[in-house]
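Have a look at structure15.tsv; it's TSV, C-alpha atoms:
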```tsv
chain	number	residue	atom	x	y	z
L	290	GLY	CA	14.47	-89.38	-28.35
L	291	GLU	CA	14.14	-85.87	-27.06
L	292	ILE	CA	14.21	-82.48	-28.71
L	293	VAL	CA	14.21	-79.03	-27.12
L	294	LEU	CA	12.45	-76.34	-29.13
L	295	PRO	CA	12.35	-72.61	-28.48
L	296	VAL	CA	8.91	-71.37	-27.46
L	297	VAL	CA	7.76	-67.92	-28.57
L	298	HIS	CA	4.37	-66.71	-27.35
L	299	HIS	CA	2.30	-63.98	-29.02
L	300	LEU	CA	-0.91	-62.30	-27.89
L	301	LEU	CA	-3.54	-63.11	-30.53
L	302	GLY	CA	-6.82	-61.28	-30.98
L	303	LYS	CA	-9.16	-59.46	-33.32
L	304	HIS	CA	-8.15	-55.86	-32.57
L	305	LYS	CA	-5.10	-53.89	-31.41
L	306	ASP	CA	-6.59	-52.20	-28.31
L	307	LEU	CA	-5.25	-54.17	-25.32
L	308	GLY	CA	-7.63	-52.41	-22.94
L	309	ALA	CA	-10.63	-53.97	-24.65
L	310	TYR	CA	-9.71	-57.57	-23.81
L	311	THR	CA	-11.60	-59.03	-20.85
L	312	ARG	CA	-10.22	-62.56	-20.94
L	313	VAL	CA	-6.97	-64.26	-22.03
L	314	LEU	CA	-7.10	-67.95	-22.88
L	315	SER	CA	-4.13	-70.31	-23.18
L	316	HIS	CA	-2.44	-73.43	-21.84
L	317	PRO	CA	-1.62	-73.01	-18.11
L	318	HIS	CA	2.14	-73.07	-18.82
L	319	ALA	CA	1.84	-70.36	-21.48
L	320	LEU	CA	-0.19	-68.19	-19.09
L	321	ALA	CA	2.53	-68.64	-16.46
L	322	GLN	CA	5.33	-68.01	-18.96
L	323	CYS	CA	3.74	-64.67	-19.92
L	324	SER	CA	2.72	-63.52	-16.45
L	325	ARG	CA	4.78	-60.31	-16.48
L	326	PHE	CA	3.22	-59.13	-19.76
L	327	LEU	CA	-0.28	-59.99	-18.52
L	328	ARG	CA	0.30	-58.23	-15.21
L	329	GLU	CA	1.62	-55.07	-16.88
L	330	HIS	CA	-0.64	-54.83	-19.95
L	331	LEU	CA	-3.83	-56.79	-19.13
L	332	PRO	CA	-4.14	-56.60	-15.33
L	333	HIS	CA	-7.96	-56.74	-15.36
L	334	ALA	CA	-8.33	-59.53	-17.91
L	335	ILE	CA	-9.34	-62.93	-16.55
L	336	ARG	CA	-6.78	-65.66	-17.28
L	337	GLU	CA	-8.53	-68.79	-18.46
L	338	PRO	CA	-6.56	-72.03	-18.80
L	339	VAL	CA	-7.46	-74.34	-21.70
L	340	ILE	CA	-5.96	-77.59	-22.99
L	341	SER	CA	-3.51	-76.05	-25.48
L	342	THR	CA	-2.41	-72.80	-27.08
L	343	ALA	CA	-3.97	-73.95	-30.36
L	344	GLU	CA	-7.30	-74.57	-28.62
L	345	ALA	CA	-7.11	-71.09	-27.09
L	346	ALA	CA	-6.69	-69.57	-30.58
L	347	ARG	CA	-9.58	-71.67	-31.92
L	348	LEU	CA	-11.91	-70.58	-29.10
L	349	VAL	CA	-11.00	-66.91	-29.47
L	350	GLY	CA	-11.38	-67.09	-33.26
L	351	ALA	CA	-14.86	-68.60	-32.90
L	352	SER	CA	-16.03	-66.13	-30.23
L	353	ASP	CA	-17.65	-62.70	-30.54
L	354	GLN	CA	-16.38	-61.83	-27.04
L	355	PRO	CA	-13.43	-59.45	-26.43
L	356	TRP	CA	-11.06	-62.32	-25.73
L	357	ALA	CA	-7.40	-62.85	-26.57
L	358	ALA	CA	-5.28	-65.98	-26.80
L	359	ILE	CA	-1.63	-66.65	-26.12
L	360	GLY	CA	-0.22	-68.84	-28.86
L	361	THR	CA	1.78	-69.10	-32.04
L	362	GLU	CA	1.59	-66.93	-35.12
L	363	LEU	CA	0.57	-70.03	-37.10
L	364	ALA	CA	-2.40	-70.71	-34.79
L	365	GLY	CA	-3.44	-67.06	-35.06
L	366	ALA	CA	-3.39	-67.20	-38.86
L	367	ARG	CA	-5.31	-70.46	-38.89
L	368	TYR	CA	-8.14	-69.07	-36.75
L	369	GLY	CA	-8.31	-65.56	-38.23
L	370	LEU	CA	-6.54	-63.70	-35.44
L	371	GLU	CA	-3.97	-60.90	-35.56
L	372	VAL	CA	-0.74	-60.84	-33.61
L	373	VAL	CA	-1.58	-58.06	-31.16
L	374	ALA	CA	1.76	-58.24	-29.28
L	375	ARG	CA	4.86	-60.24	-30.21
L	376	GLU	CA	7.17	-62.32	-28.05
L	377	ILE	CA	5.39	-61.72	-24.76
L	378	GLN	CA	7.06	-64.55	-22.82
L	379	ASP	CA	8.88	-63.49	-19.64
L	380	HIS	CA	12.17	-65.10	-20.68
L	381	ALA	CA	13.75	-64.75	-24.12
L	382	HIS	CA	15.27	-68.25	-23.96
L	383	ASN	CA	11.99	-70.02	-23.19
L	384	ALA	CA	12.08	-73.64	-24.41
L	385	THR	CA	10.06	-76.84	-24.11
L	386	ARG	CA	11.33	-80.41	-24.19
L	387	PHE	CA	9.42	-82.83	-26.39
L	388	ILE	CA	9.79	-86.60	-26.23
L	389	VAL	CA	9.79	-88.74	-29.37
L	390	CYS	CA	8.13	-92.09	-28.65
L	391	SER	CA	8.82	-95.32	-30.51
L	392	ARG	CA	8.21	-99.02	-30.12
L	393	GLU	CA	11.82	-99.57	-31.22
L	394	GLU	CA	14.52	-99.40	-28.57
L	395	ALA	CA	17.28	-96.87	-29.12
L	396	GLY	CA	20.73	-98.38	-28.65
L	397	PRO	CA	23.46	-96.75	-26.57
L	398	THR	CA	25.22	-93.76	-28.15
L	399	GLY	CA	27.47	-92.70	-25.27
L	400	ASN	CA	25.32	-89.58	-24.76
L	401	ASP	CA	22.04	-90.97	-23.46
L	402	LYS	CA	19.29	-90.44	-20.95
L	403	THR	CA	16.95	-92.96	-19.37
L	404	SER	CA	13.40	-92.25	-18.19
L	405	ILE	CA	11.70	-94.36	-15.53
L	406	ALA	CA	8.61	-94.32	-13.34
L	407	PHE	CA	8.45	-95.94	-9.92
L	408	SER	CA	6.61	-96.02	-6.60
L	409	LEU	CA	7.89	-96.85	-3.15
L	410	PRO	CA	6.12	-99.42	-0.98
L	411	VAL	CA	5.75	-97.20	2.10
L	412	ASP	CA	5.64	-93.52	3.05
L	413	ARG	CA	8.48	-93.41	5.54
L	414	PRO	CA	11.22	-90.85	6.28
L	415	GLY	CA	14.29	-91.48	4.15
L	416	GLU	CA	12.63	-93.89	1.72
L	417	LEU	CA	12.98	-91.60	-1.32
L	418	TYR	CA	16.42	-90.47	-0.12
L	419	HIS	CA	17.68	-94.07	-0.16
L	420	ALA	CA	16.05	-94.80	-3.52
L	421	LEU	CA	17.71	-91.77	-5.13
L	422	GLY	CA	20.95	-92.68	-3.37
L	423	GLU	CA	21.27	-95.61	-5.79
L	424	PHE	CA	22.10	-93.00	-8.44
L	425	ALA	CA	24.22	-90.71	-6.24
L	426	THR	CA	26.54	-93.48	-5.01
L	427	ARG	CA	27.24	-94.42	-8.63
L	428	GLY	CA	27.83	-90.83	-9.76
L	429	ILE	CA	24.77	-90.75	-12.02
L	430	ASN	CA	23.19	-87.33	-12.57
L	431	LEU	CA	19.41	-86.99	-12.33
L	432	THR	CA	18.17	-84.42	-14.84
L	433	LYS	CA	14.49	-84.51	-13.87
L	434	ILE	CA	12.53	-85.58	-10.79
L	435	GLU	CA	8.77	-85.26	-10.76
L	436	SER	CA	6.08	-86.75	-8.53
L	437	ARG	CA	2.39	-87.38	-9.04
L	438	PRO	CA	-0.11	-88.77	-6.52
L	439	ALA	CA	-0.51	-92.55	-6.97
L	440	LYS	CA	-4.23	-92.26	-6.03
L	441	LYS	CA	-3.83	-95.29	-3.76
L	442	GLY	CA	-3.68	-93.45	-0.45
L	443	MET	CA	-2.21	-90.39	1.22
L	444	GLY	CA	1.57	-90.07	0.90
L	445	LEU	CA	1.89	-92.54	-1.98
L	446	TYR	CA	3.39	-91.17	-5.18
L	447	ILE	CA	4.62	-92.20	-8.60
L	448	PHE	CA	8.02	-90.67	-9.28
L	449	PHE	CA	9.20	-89.88	-12.80
L	450	ILE	CA	12.95	-89.63	-13.15
L	451	ASP	CA	15.34	-88.94	-16.02
L	452	CYS	CA	18.96	-89.90	-15.45
L	453	VAL	CA	22.08	-89.59	-17.55
L	454	GLY	CA	23.12	-92.91	-19.11
L	455	HIS	CA	21.61	-95.80	-21.06
L	456	HIS	CA	19.84	-98.59	-19.19
L	457	ARG	CA	22.13	-101.10	-20.91
L	458	SER	CA	25.31	-99.45	-19.64
L	459	PRO	CA	26.73	-101.35	-16.64
L	460	VAL	CA	26.66	-98.52	-14.07
L	461	THR	CA	23.22	-97.19	-15.02
L	462	GLY	CA	21.90	-100.75	-15.21
L	463	GLN	CA	23.15	-101.45	-11.66
L	464	ALA	CA	21.43	-98.33	-10.31
L	465	LEU	CA	18.16	-99.18	-12.03
L	466	SER	CA	18.31	-102.77	-10.81
L	467	ALA	CA	18.93	-101.62	-7.22
L	468	LEU	CA	16.05	-99.13	-7.47
L	469	ARG	CA	13.76	-101.82	-8.89
L	470	GLY	CA	14.52	-103.88	-5.74
L	471	ARG	CA	13.32	-101.01	-3.54
L	472	ALA	CA	10.20	-100.18	-5.57
L	473	SER	CA	6.65	-101.49	-5.32
L	474	PHE	CA	6.13	-100.38	-8.93
L	475	TYR	CA	8.85	-99.86	-11.56
L	476	LYS	CA	8.61	-99.09	-15.28
L	477	LEU	CA	11.49	-98.42	-17.65
L	478	LEU	CA	10.07	-95.86	-20.07
L	479	GLY	CA	13.13	-95.95	-22.29
L	480	SER	CA	16.67	-94.84	-23.02
L	481	TYR	CA	17.40	-92.41	-25.82
L	482	PRO	CA	20.05	-90.01	-27.15
L	483	GLN	CA	20.21	-86.72	-25.22
L	484	TYR	CA	19.30	-83.61	-27.15
L	485	ARG	CA	22.28	-81.56	-28.28
L	486	GLU	CA	21.99	-78.05	-29.66
L	487	ALA	CA	23.29	-77.76	-33.20
```
Would you mind giving the structure from this file in structure tokens?
Amino acid sequence: GEIVLPVVHHLLGKHKDLGAYTRVLSHPHALAQCSRFLREHLPHAIREPVISTAEAARLVGASDQPWAAIGTELAGARYGLEVVAREIQDHAHNATRFIVCSREEAGPTGNDKTSIAFSLPVDRPGELYHALGEFATRGINLTKIESRPAKKGMGLYIFFIDCVGHHRSPVTGQALSALRGRASFYKLLGSYPQYREA
């Protein structure tokens, strides 16, 4: 399954004076999502990426240095930090998609997505275009396309794709089957109900 949750970032620290902070720790995405606030209010503070917003709060809470963290109010309370500035994210409607993993297969609901990973056998002009064309010619919307180096040579990538539809539906199944025929590596990660706001 998938769920989309609103993300609210706060500046967490041990005192209210923003000018005293020399370093701001957080997850790289949180640092990016709060770049306007950091640029305007902490232009001289070093931005230090860490593995998570919770880890940033833990490190700041354990340090005697004039550091701040970007994170949640809950993380601040857990590690003895104050909320120095509230809702510092650049966009009010900031949200993150979370995936719910299961060993059980979710059946079709009529409002599904499918996630796959694949690689192409060669790095040649038009190869990805033709692979993605399997979805376009069938009228299937792609909601996410991401690539990561395959670490098997220059120009070789693993592509992660989310498409609308369940892998068991005839049209989506045809597109996935055709893509599998073009791929050197193919993995169906799963089909699941799309998130719908209440």
Atom-to-atom span, CA of Arg413 in chain L and CA of Ala472 in chain L, Å: 13.1 Å
Nearest to Ile359 in chain L, chosen from L:Ala374, L:Leu431, L:Ala420, L:Ala395, with all atoms listed in the file counted in the distances: L:Ala374
9 Å contact set for range 326-343 of chain L, only C-alpha atoms, chain neighbours under 5 positions out, as JSON, numbers by chain: {"L": [307, 308, 310, 311, 312, 313, 314, 315, 316, 317, 318, 319, 320, 348, 356, 358, 359, 360, 361, 364, 365, 377, 378, 379]}
For CA of Val373 in chain L and CA of Lys303 in chain L, the interatomic separation in Å (one decimal):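 For CA of Val373 in chain L relative to CA of Lys303 in chain L, the distance reads 8.0 Å.
CA of Leu417 in chain L is positioned 16.2 Å from CA of Thr432 in chain L.
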Contacts of Arg347 in chain L at 6 Å (all atoms listed in the file; same-chain gap of 3+ positions) as a PyMOL selection string: chain L and resi 344+350+368
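Remark: for Pro482 in chain L, the closest of the candidate residues L:Asp353, L:Glu362, L:Asp401, L:Asp451 is L:Asp401 (distances computed over all atoms listed in the file).
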L:Tyr418, L:Tyr446, L:Phe407, L:Phe387 ranked by distance to Tyr475 in chain L, top pick (using all atoms listed in the file):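 When distances to Tyr475 in chain L are compared using all atoms listed in the file, the smallest one comes from L:Phe407.
Non-sequential neighbours of Gly396 in chain L (distance at most 12 Å, separation of 6 or more positions within a chain, all atoms listed in the file) are Gly290, Lys402, Thr403, Gly454, His455, His456, Arg457, Ser458, Gly479, Ser480, Tyr481 and Pro482 of chain L.
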Test item: residues at most 9 Å from range 447-450 of chain L, all atoms listed in the file, excluding those fewer than 3 positions along its chain, as a ChimeraX atom specification: /L:403-409,431-439,474
Nearest candidate to Lys441 in chain L (options L:Ala309, L:Cys390, L:Val411, L:Leu363; using all atoms listed in the file):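 Checking each candidate against Lys441 in chain L, we get L:Val411 as the closest.
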Which residue of L:Leu468, L:Arg367, L:Val389, L:Arg375 approaches His419 in chain L most closely, using all atoms listed in the file: L:Leu468
Using all atoms of range 356-366 of chain L that appear in the file, construct an axis-aligned enclosing box with 3 Å of padding on every side and provide its centre coordinates and edge lengths in Å, rounded to one decimal, as AutoDock Vina command-line options.
```
--center_x -4.6 --center_y -66.5 --center_z -32.3 --size_x 18.8 --size_y 14.4 --size_z 19.1
```
Counting only C-alpha atoms, the option among L:Pro295, L:Gly369, L:Gly470, L:Gly462 closest to Arg427 in chain L: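 Smallest separation from Arg427 in chain L among the options: L:Gly462.
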